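Participant: One structure is given below, represented as structure tokens, and several questions about it will come after.
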Amino acid sequence: MSEQIRASRTEERPAGDAADFLVTPDSDRRPTLSIVMPTLNEEVGVRECIDQIENALAELEIPGEIIVSDSSDDRTPEIAAEYGAHVVEPDGMGYGYAYKYAFERARGDYVVIGDADTTYDFAKLPKLLAPVREGDADMVMGSRLAGEIRPGAMPSLHQYVGNPLLTKFLNVFYSAGVSDAHSGFRVIDSDVLDRLDLRSDGMEFASEMIMEASAQGFTIEEVPITYHPREGEATLDSFRDGWRHVKFMLINAPSHLFSIPGLVFSVLGVVTMAVALFDVQIGSASPGINTMIAGSLLTIVGFQITTLAVFSSIAADPIQRPSDSITGLIRNHFKLEHGATLGLVLYGLGTIYVTFVVARWATGGFDTAPFAVRSMVAFTAIVLGTQTIFSSFFFSMLAQSKD
């Protein structure tokens with residue numbers, strides 16, 4: 001920190017004030033709190049955020065360090081350093097990478113994350129820290145949607161559509177039980193943070209932290225906060241970043257991506273085929289060959305999607321592994337011989353019936369034969385049998401590669 005800035009701040013504050021609790025990079029004191037802020041051209045707001053953090057440390061009466069993980073091309077790093085922050089420059093790109101790079105250098109017992117654009121009021125930090133410090137929670141998040149969003153602080157599309165929808169997805173997929181999944185103001189126990197397998201480098205890092213914590217059974221609580229208009233220009237791309245969050249959640253929840261849709265398609269397909277095969281009347285509608293074709297296609301698609309769930313349980317390493325009983329049964333008890341045998345049985349039954357139909361067609365002089373619903377059942381069995389045989393071999397290959 002320059003002598004001019006030191007003198008200026010000394011005039012502004014009396015000795016023993018808030019600044020005394022800030023652990024500067026050249027200090028030998030060990031911080032209790034590590035406040036991490038990723039910055040990208042935040043020269044307008046970073047000083048105010050540091051002032052708020054110092055006031056919060058003084059209220060808590062505990063030492064804390066500020067780590068600014070900076071990728072700016074303006075004066076953000078100079079301003080942050082002048083006001084006592086430890087400025088680091090990540091050697092990679094991305095919002096998530098900036099955080100991970102700073103986490104490796106954090107020394108506090110508790111880690112705080114937040115943006116340096118004045119949208120979050122760091123003066124409220126004591127309220128977020130209390131549940132973690134008292135052992136009631138492993139991570140505490142500031143909830144904007146359960147608190148107050150000041151006019152102009154958040155676009156209406158984000159406030160009423162984007163954030164609630166993404167939060168709903170995350171709660172359904174991972175049972176996180178949060179009201180504002182993408183709030184960037186959080187406090188987490190450093191030991192818990194070390195146990196989270198955080199891999200994302202982009203904006204989906206915010207979702208991953210909650211997904212990992214929830215999957216590992218850590219306690220997440222929320223505290224209502226006020227969300228303020230930002231200083232400086234926004235760097236988010238609403239649709240691109242929103243899609244990245246959705247994609248990341250789906251890829252890491254194969255049960256919702258594959259198992260459930262696969263089961264729904266399969267059951268619907270089998271029922272539709274049965275309705276056509278046994279000519280079940282539905283009101284005044286009479287099922288026929290078109291109904292059978294539709295059922296066959298649904299069954300085949302459902303089977304294919306279900307096999308993807310099984311494959312993903314072996315080949316991938318998602319945050320939330322498929323938990324449905326069918327995938328678990330196949331994964332834990334499947335043998336190549338079982339799948340190959342089942343496939344051969346289906347293929348054989350279908351082939352026998354088709355051979356019988358072709359023989360009748362040949363003995364009839366190859367006259368035009370009507371396409372019967374039973375023939376479609378046989379063709380479906382042949383397709384499913386073939387898929388089962390080859391899928392069984394592929395599954396076995398994946399399992400061996402993981403041994």
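Residues are referred to by chain and number: the chain letter is A, B, ... according to the order shown in the structure tokens, the number counts from 1 in that chain, and ligands are numbered separately from 1 in the order shown.
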Please identify all polymer residues within 12 Å of Pro63 in chain A, counting only C-alpha atoms, omitting same-chain residues fewer than 2 positions from it, and present them as a ChimeraX atom specification.

Facilitator: /A:18-24,27-35,53-61,65-66,107-110

Participant: Among range 58-136 of chain A, which residues does DSSP mark as strand (DSSP E) when it is run on the backbone? Keep the chain and numbering as in the structure and answer as a list in words.

Facilitator: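 Written out, the strand (DSSP E) residues of range 58-136 of chain A are Gly64, Glu65, Ile66, Ile67, Val68, Ser69, Asp70, His86, Val87, Val88, Tyr110, Val111, Val112 and Ile113 of chain A.
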
Participant: Given the selection you just returned, output its residues as a file containing N, CA, C and O atoms, formatted as a short mmCIF file (atom, residue, chain, number, x, y, z; two decimals), in the first residue's frame.

Facilitator:
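In the end it all went to out.cif:
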data_model
loop_
_atom_site.label_atom_id
_atom_site.label_comp_id
_atom_site.auth_asym_id
_atom_site.auth_seq_id
_atom_site.Cartn_x
_atom_site.Cartn_y
_atom_site.Cartn_z
N GLY A 64 -9.03 -10.81 8.96
CA GLY A 64 -9.40 -11.39 7.67
C GLY A 64 -8.55 -10.86 6.55
O GLY A 64 -8.03 -9.74 6.61
N GLU A 65 -8.39 -11.66 5.52
CA GLU A 65 -7.64 -11.26 4.34
C GLU A 65 -8.59 -11.12 3.16
O GLU A 65 -9.62 -11.80 3.10
N ILE A 66 -8.25 -10.24 2.24
CA ILE A 66 -9.02 -10.07 1.01
C ILE A 66 -8.14 -10.54 -0.15
O ILE A 66 -7.04 -10.02 -0.34
N ILE A 67 -8.62 -11.52 -0.87
CA ILE A 67 -7.90 -12.02 -2.03
C ILE A 67 -8.67 -11.62 -3.28
O ILE A 67 -9.81 -12.06 -3.48
N VAL A 68 -8.06 -10.79 -4.10
CA VAL A 68 -8.67 -10.36 -5.36
C VAL A 68 -8.04 -11.17 -6.49
O VAL A 68 -6.85 -11.05 -6.76
N SER A 69 -8.85 -12.01 -7.10
CA SER A 69 -8.38 -12.84 -8.21
C SER A 69 -8.72 -12.10 -9.50
O SER A 69 -9.85 -12.11 -9.98
N ASP A 70 -7.71 -11.43 -10.05
CA ASP A 70 -7.96 -10.39 -11.05
C ASP A 70 -7.55 -10.77 -12.47
O ASP A 70 -6.49 -11.34 -12.70
N HIS A 86 -4.81 -8.76 -1.20
CA HIS A 86 -3.80 -9.62 -1.81
C HIS A 86 -4.26 -9.91 -3.24
O HIS A 86 -5.22 -10.64 -3.44
N VAL A 87 -3.63 -9.32 -4.20
CA VAL A 87 -4.04 -9.45 -5.60
C VAL A 87 -3.26 -10.58 -6.26
O VAL A 87 -2.03 -10.62 -6.21
N VAL A 88 -4.00 -11.52 -6.84
CA VAL A 88 -3.39 -12.62 -7.58
C VAL A 88 -3.93 -12.60 -9.00
O VAL A 88 -5.07 -12.15 -9.25
N TYR A 110 -12.53 -19.82 7.43
CA TYR A 110 -13.78 -19.69 6.68
C TYR A 110 -13.49 -18.88 5.42
O TYR A 110 -12.69 -17.94 5.45
N VAL A 111 -14.15 -19.26 4.33
CA VAL A 111 -13.94 -18.59 3.06
C VAL A 111 -15.23 -17.89 2.65
O VAL A 111 -16.32 -18.49 2.68
N VAL A 112 -15.11 -16.63 2.29
CA VAL A 112 -16.24 -15.83 1.82
C VAL A 112 -16.03 -15.53 0.34
O VAL A 112 -14.92 -15.22 -0.08
N ILE A 113 -17.08 -15.66 -0.44
CA ILE A 113 -16.98 -15.27 -1.84
C ILE A 113 -18.04 -14.23 -2.15
O ILE A 113 -19.13 -14.22 -1.57
#

Participant: Assign secondary structure with DSSP using the backbone only, and return the residues of range 106-339 of chain A in helix (DSSP H, G or I) as number ranges by chain.

Facilitator: A: 122-133, 156-174, 190-195, 205-215, 238-251, 254-277, 289-315, 325-333, 336-339

Participant: Using only C-alpha atoms, find the one residue out of A:Val246, A:Ala274, A:Ala378, A:Val46 that sits nearest to Leu346 in chain A.

Facilitator: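 Nearest candidate to Leu346 in chain A out of A:Val246, A:Ala274, A:Ala378, A:Val46: A:Ala378.
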
Participant: Give me the residues near Met209 in chain A as a PyMOL selection string, where near means some atom within 12 Å (using only C-alpha atoms) and where sequence neighbours in that chain fewer than 6 positions away do not count.

Facilitator: chain A and resi 96+99-100+113+138-141+170+174+176+181-184+186-188+192-201+203+215-216+218+220+245+248-249+319

Participant: Can you tell me, as a list in words, what residues are no more than 9 Å from Tyr227 in chain A when counting only C-alpha atoms, ignoring any on the same chain fewer than 3 positions away?

Facilitator: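 Result of the neighbour search: Thr118, Thr119, Tyr120, Asp121, Ser143, Arg144, Leu145, Gly147, Glu148, Ile149, Arg150, Ala153, Met154 and Arg230 of chain A.
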
Participant: What lies within 9 Å of Thr351 in chain A using only C-alpha atoms, ignoring chain neighbours under 2 positions off, as JSON, numbers by chain?

Facilitator: {"A": [346, 347, 348, 349, 353, 354, 355, 356, 378, 379, 381, 382]}

Participant: Those same residues, written as an mmCIF file, in the first residue's frame with C-alpha atoms?

Facilitator:
data_model
loop_
_atom_site.group_PDB
_atom_site.id
_atom_site.type_symbol
_atom_site.label_atom_id
_atom_site.label_comp_id
_atom_site.auth_asym_id
_atom_site.auth_seq_id
_atom_site.Cartn_x
_atom_site.Cartn_y
_atom_site.Cartn_z
ATOM 1 C CA LEU A 346 -35.652 -61.476 -28.180
ATOM 2 C CA TYR A 347 -33.922 -61.653 -31.532
ATOM 3 C CA GLY A 348 -34.752 -65.341 -31.898
ATOM 4 C CA LEU A 349 -38.458 -64.979 -31.081
ATOM 5 C CA TYR A 353 -42.237 -65.144 -36.303
ATOM 6 C CA VAL A 354 -40.918 -63.114 -39.224
ATOM 7 C CA THR A 355 -39.634 -66.296 -40.874
ATOM 8 C CA PHE A 356 -43.095 -67.830 -40.486
ATOM 9 C CA ALA A 378 -41.739 -59.241 -34.095
ATOM 10 C CA PHE A 379 -39.713 -56.522 -35.820
ATOM 11 C CA ALA A 381 -38.248 -57.683 -30.754
ATOM 12 C CA ILE A 382 -35.543 -58.114 -33.407
#

Participant: So which residues touch range 73-78 of chain A within 12 Å, counting only C-alpha atoms, skipping near sequence neighbours fewer than 6 positions away, as a CSV table (one decimal) with C-alpha atoms, in the first residue's frame?

Facilitator:
chain,number,residue,atom,x,y,z
A,1,MET,CA,0.0,0.0,0.0
A,2,SER,CA,1.5,3.4,-1.0
A,5,ILE,CA,-2.9,6.0,0.6
A,37,MET,CA,-13.4,-11.6,-5.0
A,38,PRO,CA,-12.9,-12.4,-8.7
A,39,THR,CA,-12.6,-9.2,-10.6
A,40,LEU,CA,-12.8,-8.2,-14.3
A,41,ASN,CA,-12.6,-4.4,-14.7
A,42,GLU,CA,-14.1,-3.5,-11.4
A,43,GLU,CA,-12.2,-0.3,-10.7
A,44,VAL,CA,-15.4,1.6,-9.9
A,45,GLY,CA,-16.6,-0.6,-7.1
A,46,VAL,CA,-13.7,-2.5,-5.7
A,47,ARG,CA,-12.7,0.2,-3.1
A,48,GLU,CA,-16.2,0.4,-1.7
A,49,CYS,CA,-16.4,-3.4,-1.3
A,50,ILE,CA,-13.0,-3.4,0.5
A,67,ILE,CA,-7.9,-12.0,-2.0
A,84,GLY,CA,-4.6,-3.9,1.4
A,85,ALA,CA,-5.9,-6.7,-0.7
A,86,HIS,CA,-3.8,-9.6,-1.8
A,87,VAL,CA,-4.0,-9.4,-5.6
A,88,VAL,CA,-3.4,-12.6,-7.6
A,89,GLU,CA,-3.5,-13.1,-11.3
A,116,ALA,CA,-16.6,-6.7,-6.4
A,117,ASP,CA,-19.2,-4.7,-8.2
A,232,GLY,CA,-19.5,-0.6,-13.8

Participant: Which distance in Å separates CA of Ser375 in chain A and CA of Ser296 in chain A, to one decimal?

Facilitator: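 Straight-line distance from CA of Ser375 in chain A to CA of Ser296 in chain A works out to 11.1 Å.
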